[in-house]
$ cat work-v4.tsv   # TSV, N, CA and C atoms
chain	number	residue	atom	x	y	z
R	1203	MET	N	80.68	98.92	109.69
R	1203	MET	CA	81.57	97.98	110.34
R	1203	MET	C	82.81	97.73	109.48
R	1204	ILE	N	82.60	97.47	108.20
R	1204	ILE	CA	83.73	97.15	107.34
R	1204	ILE	C	84.64	98.35	107.18
R	1205	ARG	N	84.05	99.52	106.99
R	1205	ARG	CA	84.89	100.71	106.83
R	1205	ARG	C	85.67	101.01	108.11
R	1206	ARG	N	85.05	100.76	109.26
R	1206	ARG	CA	85.71	101.04	110.54
R	1206	ARG	C	86.91	100.13	110.75
R	1207	ALA	N	86.80	98.88	110.34
R	1207	ALA	CA	87.89	97.91	110.53
R	1207	ALA	C	88.52	97.59	109.18
R	1208	TYR	N	88.75	98.61	108.39
R	1208	TYR	CA	89.26	98.43	107.03
R	1208	TYR	C	90.40	97.41	107.00
R	1209	PRO	N	90.34	96.45	106.10
R	1209	PRO	CA	91.27	95.32	106.12
R	1209	PRO	C	92.74	95.67	105.97
R	1210	ALA	N	93.06	96.79	105.36
R	1210	ALA	CA	94.47	97.15	105.23
R	1210	ALA	C	95.08	97.45	106.59
R	1211	ARG	N	94.26	97.96	107.50
R	1211	ARG	CA	94.78	98.31	108.82
R	1211	ARG	C	94.47	97.27	109.87
R	1212	TYR	N	93.29	96.69	109.81
R	1212	TYR	CA	92.85	95.79	110.87
R	1212	TYR	C	92.19	94.53	110.31
R	1213	PRO	N	92.90	93.73	109.54
R	1213	PRO	CA	92.25	92.55	108.93
R	1213	PRO	C	91.74	91.54	109.96
R	1214	ALA	N	92.47	91.36	111.05
R	1214	ALA	CA	92.04	90.38	112.06
R	1214	ALA	C	90.75	90.84	112.73
R	1215	GLU	N	90.67	92.12	113.05
R	1215	GLU	CA	89.46	92.64	113.68
R	1215	GLU	C	88.27	92.56	112.74
R	1216	LEU	N	88.49	92.86	111.46
R	1216	LEU	CA	87.41	92.77	110.50
R	1216	LEU	C	86.95	91.33	110.34
R	1217	ALA	N	87.87	90.40	110.29
R	1217	ALA	CA	87.51	88.98	110.19
R	1217	ALA	C	86.65	88.58	111.39
R	1218	ASP	N	87.06	89.00	112.59
R	1218	ASP	CA	86.29	88.68	113.79
R	1218	ASP	C	84.87	89.25	113.71
R	1219	GLU	N	84.76	90.51	113.30
R	1219	GLU	CA	83.44	91.14	113.23
R	1219	GLU	C	82.56	90.49	112.18
R	1220	LEU	N	83.12	90.19	111.02
R	1220	LEU	CA	82.34	89.54	109.97
R	1220	LEU	C	81.84	88.17	110.42
R	1221	LEU	N	82.70	87.41	111.06
R	1221	LEU	CA	82.30	86.07	111.52
R	1221	LEU	C	81.26	86.15	112.64
R	1222	THR	N	81.41	87.10	113.54
R	1222	THR	CA	80.44	87.27	114.61
R	1222	THR	C	79.09	87.68	114.03
R	1223	TRP	N	79.11	88.62	113.09
R	1223	TRP	CA	77.88	89.08	112.47
R	1223	TRP	C	77.23	87.95	111.68
R	1224	ALA	N	78.03	87.20	110.94
R	1224	ALA	CA	77.49	86.09	110.14
R	1224	ALA	C	76.86	85.02	111.02
R	1225	THR	N	77.42	84.79	112.19
R	1225	THR	CA	76.88	83.78	113.09
R	1225	THR	C	75.53	84.22	113.65
R	1226	GLY	N	75.33	85.51	113.80
R	1226	GLY	CA	74.08	86.02	114.35
R	1226	GLY	C	72.99	86.24	113.33
R	1227	VAL	N	73.34	86.18	112.05
R	1227	VAL	CA	72.37	86.41	110.97
R	1227	VAL	C	72.18	85.11	110.22
R	1228	LEU	N	70.96	84.63	110.17
R	1228	LEU	CA	70.71	83.33	109.55
R	1228	LEU	C	70.82	83.36	108.03
R	1229	ASP	N	70.52	84.48	107.42
R	1229	ASP	CA	70.51	84.56	105.97
R	1229	ASP	C	71.62	85.47	105.48
R	1230	LEU	N	72.68	84.86	104.93
R	1230	LEU	CA	73.82	85.64	104.45
R	1230	LEU	C	73.53	86.38	103.15
R	1231	TRP	N	72.35	86.26	102.61
R	1231	TRP	CA	72.07	86.87	101.32
R	1231	TRP	C	71.09	88.03	101.43
R	1232	ILE	N	70.81	88.49	102.64
R	1232	ILE	CA	69.95	89.65	102.80
R	1232	ILE	C	70.71	90.91	102.36
R	1233	ARG	N	70.00	91.99	102.18
R	1233	ARG	CA	70.58	93.20	101.61
R	1233	ARG	C	71.86	93.68	102.31
R	1234	PRO	N	71.91	93.78	103.63
R	1234	PRO	CA	73.17	94.25	104.24
R	1234	PRO	C	74.37	93.39	103.85
R	1235	TRP	N	74.16	92.08	103.72
R	1235	TRP	CA	75.26	91.21	103.32
R	1235	TRP	C	75.63	91.44	101.87
R	1236	ARG	N	74.62	91.60	101.00
R	1236	ARG	CA	74.94	91.86	99.59
R	1236	ARG	C	75.77	93.12	99.47
R	1237	GLU	N	75.42	94.16	100.21
R	1237	GLU	CA	76.18	95.40	100.19
R	1237	GLU	C	77.59	95.19	100.75
R	1238	ALA	N	77.69	94.42	101.81
R	1238	ALA	CA	79.01	94.13	102.38
R	1238	ALA	C	79.86	93.33	101.40
R	1239	PHE	N	79.26	92.32	100.77
R	1239	PHE	CA	79.99	91.52	99.79
R	1239	PHE	C	80.46	92.38	98.62
R	1240	ASP	N	79.59	93.27	98.14
R	1240	ASP	CA	79.99	94.15	97.05
R	1240	ASP	C	81.19	95.01	97.44
R	1241	PHE	N	81.16	95.56	98.66
R	1241	PHE	CA	82.27	96.37	99.15
R	1241	PHE	C	83.55	95.54	99.25
R	1242	LEU	N	83.43	94.35	99.82
R	1242	LEU	CA	84.61	93.50	100.00
R	1242	LEU	C	85.21	93.07	98.67
R	1243	ARG	N	84.37	92.77	97.70
R	1243	ARG	CA	84.87	92.34	96.37
R	1243	ARG	C	85.64	93.45	95.67
R	1244	LYS	N	85.31	94.69	95.97
R	1244	LYS	CA	85.94	95.83	95.30
R	1244	LYS	C	87.24	96.28	95.97
R	1245	LEU	N	87.57	95.68	97.10
R	1245	LEU	CA	88.82	96.05	97.77
R	1245	LEU	C	90.02	95.67	96.91
R	1246	PRO	N	91.13	96.40	97.05
R	1246	PRO	CA	92.34	96.01	96.33
R	1246	PRO	C	92.76	94.59	96.71
R	1247	ALA	N	93.41	93.92	95.78
R	1247	ALA	CA	93.81	92.52	95.99
R	1247	ALA	C	94.65	92.35	97.26
R	1248	ASP	N	95.55	93.27	97.56
R	1248	ASP	CA	96.38	93.15	98.77
R	1248	ASP	C	95.52	93.16	100.03
R	1249	ASP	N	94.51	94.00	100.06
R	1249	ASP	CA	93.62	94.07	101.22
R	1249	ASP	C	92.79	92.80	101.34
R	1250	ARG	N	92.29	92.30	100.21
R	1250	ARG	CA	91.52	91.06	100.24
R	1250	ARG	C	92.40	89.89	100.66
R	1251	GLN	N	93.67	89.92	100.27
R	1251	GLN	CA	94.60	88.86	100.66
R	1251	GLN	C	94.83	88.88	102.17
R	1252	ARG	N	94.99	90.06	102.74
R	1252	ARG	CA	95.17	90.18	104.21
R	1252	ARG	C	93.93	89.69	104.95
R	1253	LEU	N	92.77	90.07	104.45
R	1253	LEU	CA	91.53	89.62	105.09
R	1253	LEU	C	91.36	88.11	104.92
R	1254	SER	N	91.72	87.59	103.76
R	1254	SER	CA	91.66	86.14	103.54
R	1254	SER	C	92.52	85.39	104.53
R	1255	LYS	N	93.74	85.88	104.73
R	1255	LYS	CA	94.64	85.23	105.69
R	1255	LYS	C	94.04	85.24	107.09
R	1256	ALA	N	93.44	86.36	107.48
R	1256	ALA	CA	92.81	86.44	108.81
R	1256	ALA	C	91.65	85.45	108.92
R	1257	LEU	N	90.87	85.30	107.85
R	1257	LEU	CA	89.76	84.34	107.88
R	1257	LEU	C	90.27	82.90	107.94
R	1258	VAL	N	91.35	82.62	107.23
R	1258	VAL	CA	91.95	81.28	107.29
R	1258	VAL	C	92.42	80.99	108.71
R	1259	ASP	N	93.05	81.97	109.33
R	1259	ASP	CA	93.49	81.80	110.72
R	1259	ASP	C	92.31	81.50	111.64
R	1260	ARG	N	91.20	82.23	111.45
R	1260	ARG	CA	90.01	82.02	112.28
R	1260	ARG	C	89.42	80.62	112.03
R	1261	TYR	N	89.43	80.20	110.77
R	1261	TYR	CA	88.92	78.88	110.42
R	1261	TYR	C	89.69	77.80	111.19
R	1262	HIS	N	91.01	77.90	111.15
R	1262	HIS	CA	91.84	76.88	111.80
R	1262	HIS	C	91.77	76.92	113.32
R	1263	SER	N	91.47	78.07	113.88
R	1263	SER	CA	91.41	78.17	115.34
R	1263	SER	C	90.02	77.84	115.90
R	1264	ALA	N	89.02	77.74	115.03
R	1264	ALA	CA	87.65	77.43	115.49
R	1264	ALA	C	87.48	75.93	115.67
R	1265	ALA	N	86.59	75.57	116.56
R	1265	ALA	CA	86.25	74.16	116.77
R	1265	ALA	C	85.64	73.60	115.48
R	1266	ALA	N	85.79	72.30	115.29
R	1266	ALA	CA	85.32	71.64	114.07
R	1266	ALA	C	83.83	71.84	113.83
R	1267	ASP	N	83.04	71.94	114.89
R	1267	ASP	CA	81.59	72.11	114.73
R	1267	ASP	C	81.14	73.56	114.86
R	1268	SER	N	82.07	74.48	114.88
R	1268	SER	CA	81.75	75.89	115.04
R	1268	SER	C	81.16	76.48	113.76
R	1269	PRO	N	80.13	77.31	113.88
R	1269	PRO	CA	79.60	77.98	112.69
R	1269	PRO	C	80.62	78.92	112.06
R	1270	TYR	N	81.63	79.33	112.83
R	1270	TYR	CA	82.68	80.19	112.29
R	1270	TYR	C	83.37	79.52	111.11
R	1271	ARG	N	83.53	78.22	111.16
R	1271	ARG	CA	84.22	77.52	110.07
R	1271	ARG	C	83.46	77.65	108.76
R	1272	LEU	N	82.18	77.34	108.77
R	1272	LEU	CA	81.38	77.45	107.54
R	1272	LEU	C	81.30	78.90	107.08
R	1273	ASN	N	81.12	79.81	108.01
R	1273	ASN	CA	81.04	81.22	107.65
R	1273	ASN	C	82.36	81.72	107.07
R	1274	ALA	N	83.48	81.25	107.61
R	1274	ALA	CA	84.79	81.64	107.06
R	1274	ALA	C	84.91	81.14	105.62
R	1275	LEU	N	84.46	79.92	105.36
R	1275	LEU	CA	84.51	79.38	104.00
R	1275	LEU	C	83.64	80.22	103.05
R	1276	THR	N	82.47	80.59	103.51
R	1276	THR	CA	81.57	81.40	102.69
R	1276	THR	C	82.20	82.75	102.38
R	1277	LEU	N	82.70	83.42	103.41
R	1277	LEU	CA	83.32	84.73	103.21
R	1277	LEU	C	84.54	84.64	102.32
R	1278	LEU	N	85.33	83.60	102.49
R	1278	LEU	CA	86.50	83.43	101.62
R	1278	LEU	C	86.08	83.25	100.17
R	1279	GLY	N	85.01	82.52	99.95
R	1279	GLY	CA	84.53	82.34	98.59
R	1279	GLY	C	84.15	83.66	97.94
R	1280	VAL	N	83.65	84.58	98.74
R	1280	VAL	CA	83.24	85.89	98.23
R	1280	VAL	C	84.45	86.77	97.93
R	1281	ILE	N	85.38	86.86	98.87
R	1281	ILE	CA	86.45	87.86	98.73
R	1281	ILE	C	87.68	87.34	98.00
R	1282	SER	N	87.81	86.04	97.85
R	1282	SER	CA	89.05	85.52	97.26
R	1282	SER	C	89.01	85.38	95.74
R	1283	HIS	N	87.85	85.68	95.15
R	1283	HIS	CA	87.74	85.58	93.69
R	1283	HIS	C	88.82	86.43	93.02
R	1284	GLY	N	89.62	85.79	92.18
R	1284	GLY	CA	90.68	86.48	91.46
R	1284	GLY	C	92.02	86.49	92.18
R	1285	LEU	N	92.05	86.02	93.43
R	1285	LEU	CA	93.31	85.94	94.15
R	1285	LEU	C	94.01	84.63	93.78
R	1286	ASP	N	95.32	84.60	93.90
R	1286	ASP	CA	96.07	83.40	93.55
R	1286	ASP	C	95.67	82.21	94.41
R	1287	GLU	N	95.54	82.41	95.70
R	1287	GLU	CA	95.23	81.32	96.63
R	1287	GLU	C	94.53	81.91	97.84
R	1288	ASP	N	93.52	81.20	98.33
R	1288	ASP	CA	92.82	81.70	99.51
R	1288	ASP	C	93.16	80.92	100.77
R	1289	GLY	N	93.88	79.82	100.64
R	1289	GLY	CA	94.29	79.06	101.81
R	1289	GLY	C	93.32	77.97	102.22
R	1290	LEU	N	92.10	78.00	101.72
R	1290	LEU	CA	91.11	76.99	102.10
R	1290	LEU	C	90.33	76.49	100.89
R	1291	SER	N	90.88	76.59	99.71
R	1291	SER	CA	90.13	76.17	98.53
R	1291	SER	C	89.79	74.68	98.59
R	1292	GLY	N	90.69	73.85	99.12
R	1292	GLY	CA	90.40	72.43	99.27
R	1292	GLY	C	89.24	72.17	100.20
R	1293	GLU	N	89.19	72.90	101.30
R	1293	GLU	CA	88.10	72.75	102.26
R	1293	GLU	C	86.78	73.21	101.65
R	1294	ARG	N	86.82	74.29	100.86
R	1294	ARG	CA	85.60	74.76	100.21
R	1294	ARG	C	85.09	73.74	99.21
R	1295	LEU	N	85.99	73.13	98.46
R	1295	LEU	CA	85.58	72.10	97.50
R	1295	LEU	C	84.95	70.90	98.21
R	1296	LYS	N	85.52	70.49	99.35
R	1296	LYS	CA	84.94	69.39	100.12
R	1296	LYS	C	83.54	69.75	100.59
R	1297	ARG	N	83.37	70.98	101.06
R	1297	ARG	CA	82.07	71.42	101.55
R	1297	ARG	C	81.06	71.45	100.41
R	1298	LEU	N	81.47	71.95	99.24
R	1298	LEU	CA	80.58	71.97	98.08
R	1298	LEU	C	80.19	70.55	97.67
R	1299	ASP	N	81.14	69.63	97.75
R	1299	ASP	CA	80.84	68.24	97.43
R	1299	ASP	C	79.79	67.68	98.38
R	1300	THR	N	79.95	67.97	99.67
R	1300	THR	CA	78.97	67.52	100.67
R	1300	THR	C	77.60	68.13	100.39
R	1301	LEU	N	77.58	69.42	100.11
R	1301	LEU	CA	76.29	70.10	99.85
R	1301	LEU	C	75.62	69.56	98.59
R	1302	SER	N	76.42	69.17	97.60
R	1302	SER	CA	75.83	68.69	96.35
R	1302	SER	C	75.10	67.36	96.54
R	1303	ARG	N	75.39	66.66	97.61
R	1303	ARG	CA	74.75	65.38	97.88
R	1303	ARG	C	73.51	65.50	98.77
R	1304	GLN	N	73.22	66.67	99.21
R	1304	GLN	CA	72.07	66.86	100.11
R	1304	GLN	C	70.82	67.20	99.34
$ encode --input "work-v4.tsv" --output "structure tokens"
Amino acid sequence: MIRRAYPARYPAELADELLTWATGVLDLWIRPWREAFDFLRKLPADDRQRLSKALVDRYHSAAADSPYRLNALTLLGVISHGLDEDGLSGERLKRLDTLSRQ
């Protein structure tokens, strides 16, 4: 899936597929996800930046209670490591704060 919608060419489509897949899979840490995360982390910074922007766009267009929002934050946390800005770092920090109290 990731190779087919490689972020340099189709970042919006890849963001859509990742979010759809994440919504259908309850455990984001199973082997296929670990392999996907490894692949995404190794992408060039420009490609990760394009994919990050597409995920930020999806986050903002999703309903407040949509699982897409949480999944977008999770995916951004994975691929944005080492990037200057991911566009949702404040939202991720708020979510981590909420989780730390549970």
$ atom_distance --input "work-v4.tsv" --atom1 "atom N of Ser1263 (chain R)" --atom2 "atom N of Leu1275 (chain R)"
11.2 Å
$ closest_residue --input "work-v4.tsv" --among "R:Pro1213, R:Ala1224, R:Thr1276, R:Lys1296" --to "Lys1255 (chain R)" --atoms "only N, CA and C atoms"
R:Pro1213
$ residues_around --input "work-v4.tsv" --residues "region 1242-1248 of chain R" --least-positions-apart "6" --cutoff "7 Å" --atoms "only C-alpha atoms" --output "MDAnalysis selection string"
chainID R and resid 1280:1281 1285
$ atom_distance --input "work-v4.tsv" --atom1 "CA of Tyr1270 (chain R)" --atom2 "CA of Leu1221 (chain R)"
5.9 Å
$ atom_distance --input "work-v4.tsv" --atom1 "atom C of Gly1284 (chain R)" --atom2 "atom C of Thr1300 (chain R)"
24.7 Å
$ closest_residue --input "work-v4.tsv" --among "R:Leu1272, R:Pro1234, R:Ser1302, R:Ala1256" --to "Glu1215 (chain R)" --atoms "only N, CA and C atoms"
R:Ala1256
$ axis_aligned_box --input "work-v4.tsv" --around "region 1278-1288 of chain R" --padding-each-side "3 Å" --output "AutoDock Vina command-line options"
--center_x 89.7 --center_y 84.4 --center_z 97.0 --size_x 18.8 --size_y 12.9 --size_z 17.0
$ residues_around --input "work-v4.tsv" --residues "Arg1271 (chain R)" --least-positions-apart "5" --cutoff "8 Å" --atoms "only C-alpha atoms" --output "number ranges by chain"
R: 1260-1262, 1264-1266
$ closest_residue --input "work-v4.tsv" --among "R:Gln1304, R:Val1258, R:Ala1238, R:Gly1292" --to "Leu1278 (chain R)" --atoms "only C-alpha atoms"
R:Val1258
$ closest_residue --input "work-v4.tsv" --among "R:Asp1240, R:Ala1274, R:Leu1290, R:Leu1295" --to "Leu1220 (chain R)" --atoms "only N, CA and C atoms"
R:Ala1274
$ build_atoms --input "work-v4.tsv" --residues "region 1236-1247 of chain R" --atoms "all heavy atoms" --output "CSV table (one decimal), keeping the file's coordinate frame"
chain,number,residue,atom,x,y,z
R,1236,ARG,N,74.6,91.6,101.0
R,1236,ARG,CA,74.9,91.9,99.6
R,1236,ARG,C,75.8,93.1,99.5
R,1236,ARG,O,76.7,93.2,98.7
R,1236,ARG,CB,73.6,92.0,98.8
R,1236,ARG,CG,73.0,90.6,98.5
R,1236,ARG,CD,71.9,90.7,97.5
R,1236,ARG,NE,71.0,91.9,97.6
R,1236,ARG,CZ,69.8,91.8,98.2
R,1236,ARG,NH1,69.3,90.7,98.6
R,1236,ARG,NH2,69.1,92.9,98.3
R,1237,GLU,N,75.4,94.2,100.2
R,1237,GLU,CA,76.2,95.4,100.2
R,1237,GLU,C,77.6,95.2,100.8
R,1237,GLU,O,78.6,95.7,100.2
R,1237,GLU,CB,75.4,96.5,101.0
R,1237,GLU,CG,74.2,96.9,100.3
R,1237,GLU,CD,73.3,97.8,101.1
R,1237,GLU,OE1,73.7,98.1,102.3
R,1237,GLU,OE2,72.2,98.2,100.6
R,1238,ALA,N,77.7,94.4,101.8
R,1238,ALA,CA,79.0,94.1,102.4
R,1238,ALA,C,79.9,93.3,101.4
R,1238,ALA,O,81.0,93.6,101.2
R,1238,ALA,CB,78.9,93.4,103.7
R,1239,PHE,N,79.3,92.3,100.8
R,1239,PHE,CA,80.0,91.5,99.8
R,1239,PHE,C,80.5,92.4,98.6
R,1239,PHE,O,81.6,92.2,98.2
R,1239,PHE,CB,79.1,90.4,99.3
R,1239,PHE,CG,78.9,89.3,100.3
R,1239,PHE,CD1,77.8,88.4,100.0
R,1239,PHE,CD2,79.6,89.2,101.4
R,1239,PHE,CE1,77.6,87.4,100.9
R,1239,PHE,CE2,79.3,88.2,102.4
R,1239,PHE,CZ,78.3,87.2,102.1
R,1240,ASP,N,79.6,93.3,98.1
R,1240,ASP,CA,80.0,94.2,97.0
R,1240,ASP,C,81.2,95.0,97.4
R,1240,ASP,O,82.1,95.2,96.7
R,1240,ASP,CB,78.8,95.1,96.6
R,1240,ASP,CG,77.7,94.3,95.9
R,1240,ASP,OD1,78.0,93.2,95.4
R,1240,ASP,OD2,76.6,94.9,95.8
R,1241,PHE,N,81.2,95.6,98.7
R,1241,PHE,CA,82.3,96.4,99.2
R,1241,PHE,C,83.6,95.5,99.2
R,1241,PHE,O,84.6,96.0,98.8
R,1241,PHE,CB,81.9,97.0,100.5
R,1241,PHE,CG,83.0,97.8,101.1
R,1241,PHE,CD1,83.1,99.2,100.7
R,1241,PHE,CD2,83.9,97.3,102.0
R,1241,PHE,CE1,84.1,100.0,101.2
R,1241,PHE,CE2,84.9,98.1,102.5
R,1241,PHE,CZ,85.0,99.4,102.1
R,1242,LEU,N,83.4,94.4,99.8
R,1242,LEU,CA,84.6,93.5,100.0
R,1242,LEU,C,85.2,93.1,98.7
R,1242,LEU,O,86.4,93.0,98.5
R,1242,LEU,CB,84.2,92.3,100.8
R,1242,LEU,CG,83.9,92.5,102.3
R,1242,LEU,CD1,83.3,91.3,102.9
R,1242,LEU,CD2,85.2,93.0,103.1
R,1243,ARG,N,84.4,92.8,97.7
R,1243,ARG,CA,84.9,92.3,96.4
R,1243,ARG,C,85.6,93.4,95.7
R,1243,ARG,O,86.5,93.2,94.8
R,1243,ARG,CB,83.7,91.9,95.5
R,1243,ARG,CG,83.1,90.6,95.8
R,1243,ARG,CD,82.1,90.2,94.7
R,1243,ARG,NE,81.3,89.1,95.2
R,1243,ARG,CZ,80.0,89.2,95.6
R,1243,ARG,NH1,79.4,90.4,95.6
R,1243,ARG,NH2,79.3,88.2,96.0
R,1244,LYS,N,85.3,94.7,96.0
R,1244,LYS,CA,85.9,95.8,95.3
R,1244,LYS,C,87.2,96.3,96.0
R,1244,LYS,O,87.9,97.2,95.4
R,1244,LYS,CB,85.0,97.0,95.2
R,1244,LYS,CG,83.8,96.7,94.3
R,1244,LYS,CD,82.8,97.9,94.4
R,1244,LYS,CE,81.6,97.5,93.5
R,1244,LYS,NZ,80.5,98.5,93.7
R,1245,LEU,N,87.6,95.7,97.1
R,1245,LEU,CA,88.8,96.0,97.8
R,1245,LEU,C,90.0,95.7,96.9
R,1245,LEU,O,90.0,94.7,96.2
R,1245,LEU,CB,88.9,95.3,99.1
R,1245,LEU,CG,87.9,95.8,100.2
R,1245,LEU,CD1,88.1,94.8,101.4
R,1245,LEU,CD2,88.2,97.2,100.6
R,1246,PRO,N,91.1,96.4,97.0
R,1246,PRO,CA,92.3,96.0,96.3
R,1246,PRO,C,92.8,94.6,96.7
R,1246,PRO,O,92.5,94.1,97.8
R,1246,PRO,CB,93.4,97.0,96.8
R,1246,PRO,CG,92.6,98.2,97.3
R,1246,PRO,CD,91.3,97.6,97.8
R,1247,ALA,N,93.4,93.9,95.8
R,1247,ALA,CA,93.8,92.5,96.0
R,1247,ALA,C,94.6,92.4,97.3
R,1247,ALA,O,94.5,91.4,98.0
R,1247,ALA,CB,94.6,92.0,94.8
